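Remarks on the structure that follows.
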Amino acid sequence: MNDKEAVEQRWAMFHRWGPAGLLTVGTLVASAAADAVGMTSEKRYAAVGVVVAAFALELCWGRASRARPGPSKASAAYYVLRWALAFTLTWLNPLFAFYAYMGYFGAERLLPQRLCKAGLFATAVTVVGSQSGGLPPRGQMGWVFFGVLLAVNIMLLTLFAHLAALEDGRARTQAETIAELERTNTALQQALDENAALHAQLLVQAREAGVADERRRLAAEIHDTLAQGLTGIIAQLQVVAGTPDEAVAREHVDRALGLARRSLGEARRSVHNLAPMALDGNGLPEALKRTVAEWGERVGVRADFTVTGTAEQLHDEVAATLLRITQEALSNAARHAGASRAGVTLSFMGDEVSLDIRDDGHGFDPLVVPERTRAGGFGLEGMRARAERIAGSLTVESEPGHGTAVSARVPLVRHDR
């Protein structure tokens, strides 16, 4: 049970038993002071009869009120009869006015709205009669005193009625606010439940996206390490198979062994998502210089590397991305371009890093290059995906018979240590 229900229950108990209780108090006090107020025998007998009638009225109404909650004709009749009995008793003895005070508390519960003021005024007349020394007032001063007390009681009733109206308005506003809060809380709970379901769904999607991204990363790393390494090994072994010169054969076998070792190391680092081996202990310019030189020596093509601008230590992810793009572009040039010369330029330009790889090979028409599919390779589209992964971009310029230029531009993100 909440506080409101407890208060309403207590008021219900008061309205049920209060009239009989106040009638009992008034009867006891009036009986004790009967001689002091000058009650005659006739008034005493009359008072006994009226008291019995009042108790009978309260007993009957106590049973009938259970089936008649709220104002009704029966409750209005009960209020009028109770007032008449209280007025009669107060006329006989002013101390019976204890019973009349119940008229102040039951008007709104028993009378229709249009009769409430009349009922309160009638109750005030009875109470003021007691306060002024009894009814009827005696002499001119008695009537003056009665009028003054009546005016004071009316003003107090008006004030209390105004305060009660304000309190009722506040209570209604509070009830409406509570109801609105309950509706809001219900809507909020529904939103929270929906958000929880959406959050769970997003977690599943994020997990699936993470798995797919890791698969793509490993596929690209395998392509950039094992596939390119195996391609280089095959090329070296083909030279060995086609040359009678034992010294040349031994040289290419050694190169094949070196490629195998490096590819194995790169594969292990890719599984653990480590930086490429060429970047281990070196900055990007040094790693690119060594990669370009080794590629040129391995494929027998003149390869130049140039750095422009002020070189800076780049973030591992940026450096690894540019190195992998260079390796892939050079690998494509070796396999498809038939180039006799290649050049790589790394440019530091304020808040941006540019990587350009050019060759003088056969070239191709970029418009007829097939788009990357889910099961496709990791050529040009793979390089573009790598650049976009770190908020960069990649462009390809080529024309049949006039070579190819690959340009990657990425944000300059410095090393975080």
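Ordering of the structure tokens sets the chain letters (A, B, ...), residue numbers begin anew at 1 in every chain, and ligands are numbered from 1 in the order given.
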
All residues 10 Å or closer to segment 288-296 of chain A, only C-alpha atoms, same chain fewer than 6 positions away omitted, as a list of chain:residue names | A:Gly232, A:Ala278, A:Leu279, A:Asn282, A:Arg302, A:Ala303, A:Asp304, A:Phe305, A:Thr306, A:Val307, A:Ala319, A:Leu322, A:Leu323, A:Arg324, A:Thr326, A:Gln327, A:Leu330, A:Ser331, A:Ala334, A:Ser340, A:Arg341, A:Ala342, A:Gly343, A:Val344, A:Thr345, A:Leu346

Fewer than 2 positions away in the same chain doesn't count, so skip those; otherwise give me all residues within 12 Å of segment 238-243 of chain A, counting only C-alpha atoms, as a compact mmCIF listing (two decimals) with C-alpha atoms, in the first residue's frame.
# COMPACT_ATOMS: atom_id res chain seq x y z
CA THR A 231 56.54 -16.57 -58.01
CA GLY A 232 60.09 -15.31 -57.47
CA ILE A 233 61.34 -18.76 -56.48
CA ILE A 234 59.78 -20.29 -59.61
CA ALA A 235 61.43 -17.63 -61.75
CA GLN A 236 64.84 -18.35 -60.21
CA ASP A 245 76.50 -22.63 -66.31
CA GLU A 246 76.97 -24.10 -62.87
CA ALA A 247 77.98 -20.74 -61.31
CA VAL A 248 74.87 -19.01 -62.67
CA ALA A 249 72.71 -21.92 -61.51
CA ARG A 250 74.21 -21.76 -58.00
CA GLU A 251 73.61 -18.00 -57.86
CA HIS A 252 69.93 -18.38 -58.76
CA VAL A 253 69.51 -21.30 -56.35
CA ASP A 254 70.87 -19.08 -53.58
CA ARG A 255 68.42 -16.37 -54.56
CA ALA A 256 65.58 -18.90 -54.50
CA ARG A 298 65.95 -10.35 -59.10
CA VAL A 299 64.04 -9.58 -62.30
CA GLY A 300 66.95 -7.95 -64.13

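Across the structure, atom CA of Gly283 of chain A and atom CA of Ala337 of chain A are spaced 28.8 Å apart.
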
With only C-alpha atoms as the basis for distance, which of A:Glu108, A:Asp360, A:Glu352, A:Asp365 is at the shortest distance from Ala408 of chain A?
-> A:Glu352

Shell of 12 Å around segment 20-30 of chain A, only C-alpha atoms, local chain residues under 2 positions omitted, as a PyMOL selection string | chain A and resi 13-18+32-39+43-44+47-62+82+85-86+89-103+130

If you run DSSP on this backbone, which residues of segment 285-369 of chain A come out as helix (DSSP H, G or I), and could you give them as a ChimeraX atom specification?
-> /A:285-299,316-337,366-368

Could you write out the selected residues, including N, CA, C and O atoms, as a compact mmCIF listing (two decimals), in the first residue's frame?
# COMPACT_ATOMS: atom_id res chain seq x y z
N PRO A 285 61.48 4.68 -45.87
CA PRO A 285 62.39 4.93 -46.99
C PRO A 285 63.45 3.85 -47.15
O PRO A 285 63.72 3.39 -48.27
N GLU A 286 64.07 3.42 -46.03
CA GLU A 286 65.09 2.37 -46.12
C GLU A 286 64.49 1.06 -46.60
O GLU A 286 65.09 0.33 -47.41
N ALA A 287 63.27 0.73 -46.09
CA ALA A 287 62.62 -0.52 -46.50
C ALA A 287 62.28 -0.49 -47.98
O ALA A 287 62.48 -1.49 -48.70
N LEU A 288 61.78 0.65 -48.48
CA LEU A 288 61.45 0.75 -49.90
C LEU A 288 62.71 0.69 -50.77
O LEU A 288 62.70 0.05 -51.83
N LYS A 289 63.76 1.35 -50.31
CA LYS A 289 65.01 1.33 -51.08
C LYS A 289 65.53 -0.09 -51.25
O LYS A 289 65.91 -0.52 -52.35
N ARG A 290 65.52 -0.86 -50.16
CA ARG A 290 66.01 -2.24 -50.22
C ARG A 290 65.08 -3.10 -51.07
O ARG A 290 65.53 -3.92 -51.89
N THR A 291 63.74 -2.91 -50.93
CA THR A 291 62.78 -3.70 -51.70
C THR A 291 62.92 -3.45 -53.19
O THR A 291 62.93 -4.39 -54.01
N VAL A 292 63.06 -2.18 -53.58
CA VAL A 292 63.20 -1.83 -55.00
C VAL A 292 64.50 -2.39 -55.57
O VAL A 292 64.53 -2.95 -56.68
N ALA A 293 65.59 -2.27 -54.79
CA ALA A 293 66.88 -2.77 -55.28
C ALA A 293 66.85 -4.29 -55.45
O ALA A 293 67.33 -4.83 -56.46
N GLU A 294 66.29 -5.02 -54.46
CA GLU A 294 66.23 -6.47 -54.55
C GLU A 294 65.35 -6.91 -55.71
O GLU A 294 65.65 -7.87 -56.41
N TRP A 295 64.22 -6.18 -55.90
CA TRP A 295 63.34 -6.54 -57.02
C TRP A 295 64.05 -6.34 -58.36
O TRP A 295 63.97 -7.19 -59.24
N GLY A 296 64.71 -5.20 -58.52
CA GLY A 296 65.42 -4.94 -59.78
C GLY A 296 66.50 -5.97 -60.04
O GLY A 296 66.68 -6.43 -61.18
N GLU A 297 67.21 -6.34 -59.01
CA GLU A 297 68.27 -7.34 -59.18
C GLU A 297 67.68 -8.70 -59.52
O GLU A 297 68.21 -9.45 -60.34
N ARG A 298 66.54 -9.03 -58.90
CA ARG A 298 65.95 -10.35 -59.10
C ARG A 298 65.35 -10.50 -60.48
O ARG A 298 65.47 -11.58 -61.11
N VAL A 299 64.70 -9.46 -61.00
CA VAL A 299 64.04 -9.58 -62.30
C VAL A 299 64.90 -9.03 -63.43
O VAL A 299 64.51 -9.11 -64.60
N ASP A 316 53.17 2.49 -38.00
CA ASP A 316 53.43 1.16 -38.53
C ASP A 316 52.42 0.76 -39.60
O ASP A 316 52.79 0.18 -40.63
N GLU A 317 51.12 1.04 -39.38
CA GLU A 317 50.10 0.64 -40.33
C GLU A 317 50.26 1.37 -41.66
O GLU A 317 50.09 0.78 -42.73
N VAL A 318 50.59 2.66 -41.60
CA VAL A 318 50.78 3.44 -42.82
C VAL A 318 52.00 2.93 -43.59
O VAL A 318 51.95 2.72 -44.81
N ALA A 319 53.10 2.72 -42.87
CA ALA A 319 54.32 2.24 -43.52
C ALA A 319 54.12 0.87 -44.14
O ALA A 319 54.54 0.60 -45.28
N ALA A 320 53.44 -0.03 -43.41
CA ALA A 320 53.21 -1.38 -43.92
C ALA A 320 52.32 -1.34 -45.17
O ALA A 320 52.55 -2.07 -46.14
N THR A 321 51.30 -0.46 -45.14
CA THR A 321 50.40 -0.36 -46.30
C THR A 321 51.15 0.11 -47.54
O THR A 321 51.01 -0.47 -48.63
N LEU A 322 51.98 1.15 -47.41
CA LEU A 322 52.72 1.66 -48.56
C LEU A 322 53.74 0.65 -49.06
O LEU A 322 53.97 0.52 -50.28
N LEU A 323 54.37 -0.09 -48.16
CA LEU A 323 55.31 -1.12 -48.57
C LEU A 323 54.61 -2.23 -49.35
O LEU A 323 55.10 -2.69 -50.40
N ARG A 324 53.44 -2.67 -48.84
CA ARG A 324 52.71 -3.74 -49.53
C ARG A 324 52.23 -3.27 -50.90
O ARG A 324 52.25 -4.04 -51.88
N ILE A 325 51.79 -2.02 -51.02
CA ILE A 325 51.37 -1.50 -52.32
C ILE A 325 52.54 -1.50 -53.29
O ILE A 325 52.41 -1.87 -54.47
N THR A 326 53.72 -1.11 -52.80
CA THR A 326 54.91 -1.11 -53.66
C THR A 326 55.25 -2.52 -54.12
O THR A 326 55.54 -2.76 -55.31
N GLN A 327 55.23 -3.47 -53.20
CA GLN A 327 55.54 -4.85 -53.55
C GLN A 327 54.57 -5.40 -54.59
O GLN A 327 54.97 -6.06 -55.55
N GLU A 328 53.27 -5.09 -54.41
CA GLU A 328 52.27 -5.58 -55.35
C GLU A 328 52.43 -4.93 -56.72
O GLU A 328 52.34 -5.59 -57.77
N ALA A 329 52.69 -3.60 -56.75
CA ALA A 329 52.85 -2.91 -58.03
C ALA A 329 54.08 -3.42 -58.78
O ALA A 329 54.03 -3.63 -60.01
N LEU A 330 55.19 -3.63 -58.05
CA LEU A 330 56.39 -4.16 -58.71
C LEU A 330 56.18 -5.59 -59.18
O LEU A 330 56.66 -5.99 -60.25
N SER A 331 55.44 -6.38 -58.39
CA SER A 331 55.16 -7.76 -58.79
C SER A 331 54.32 -7.77 -60.07
O SER A 331 54.56 -8.57 -60.98
N ASN A 332 53.31 -6.87 -60.15
CA ASN A 332 52.50 -6.79 -61.36
C ASN A 332 53.35 -6.37 -62.57
O ASN A 332 53.17 -6.88 -63.69
N ALA A 333 54.28 -5.43 -62.32
CA ALA A 333 55.15 -4.98 -63.43
C ALA A 333 56.03 -6.12 -63.92
O ALA A 333 56.26 -6.26 -65.13
N ALA A 334 56.51 -6.95 -63.00
CA ALA A 334 57.37 -8.08 -63.40
C ALA A 334 56.59 -9.13 -64.16
O ALA A 334 57.09 -9.74 -65.12
N ARG A 335 55.34 -9.37 -63.77
CA ARG A 335 54.59 -10.46 -64.37
C ARG A 335 53.90 -10.07 -65.67
O ARG A 335 53.78 -10.89 -66.58
N HIS A 336 53.42 -8.83 -65.72
CA HIS A 336 52.56 -8.47 -66.84
C HIS A 336 53.11 -7.37 -67.75
O HIS A 336 52.72 -7.31 -68.92
N ALA A 337 53.97 -6.48 -67.23
CA ALA A 337 54.31 -5.28 -68.00
C ALA A 337 55.43 -5.52 -69.01
O ALA A 337 55.49 -4.86 -70.05
N PRO A 366 42.89 0.88 -68.36
CA PRO A 366 42.30 0.72 -67.02
C PRO A 366 40.81 0.49 -67.03
O PRO A 366 40.25 -0.09 -66.10
N LEU A 367 40.12 0.92 -68.09
CA LEU A 367 38.66 0.79 -68.13
C LEU A 367 38.20 -0.64 -68.33
O LEU A 367 37.04 -0.97 -68.04
N VAL A 368 39.09 -1.51 -68.81
CA VAL A 368 38.69 -2.89 -69.06
C VAL A 368 39.21 -3.83 -67.98
O VAL A 368 39.08 -5.04 -68.11

Distance criterion (only C-alpha atoms): nearest to Pro19 of chain A out of A:Gly350, A:Tyr78, A:Val7, A:Arg170 |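 Among the listed residues, the smallest separation from Pro19 of chain A belongs to A:Tyr78.
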
Residue with smallest distance to Ala122 of chain A - pool A:Ala196, A:Val148, A:Leu157, A:Ala64, counting only C-alpha atoms =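 Ranked by minimum distance to Ala122 of chain A, first place goes to A:Leu157.
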
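Going from atom CA of Thr40 of chain A over to atom CA of Gly129 of chain A, you cover 19.0 Å.
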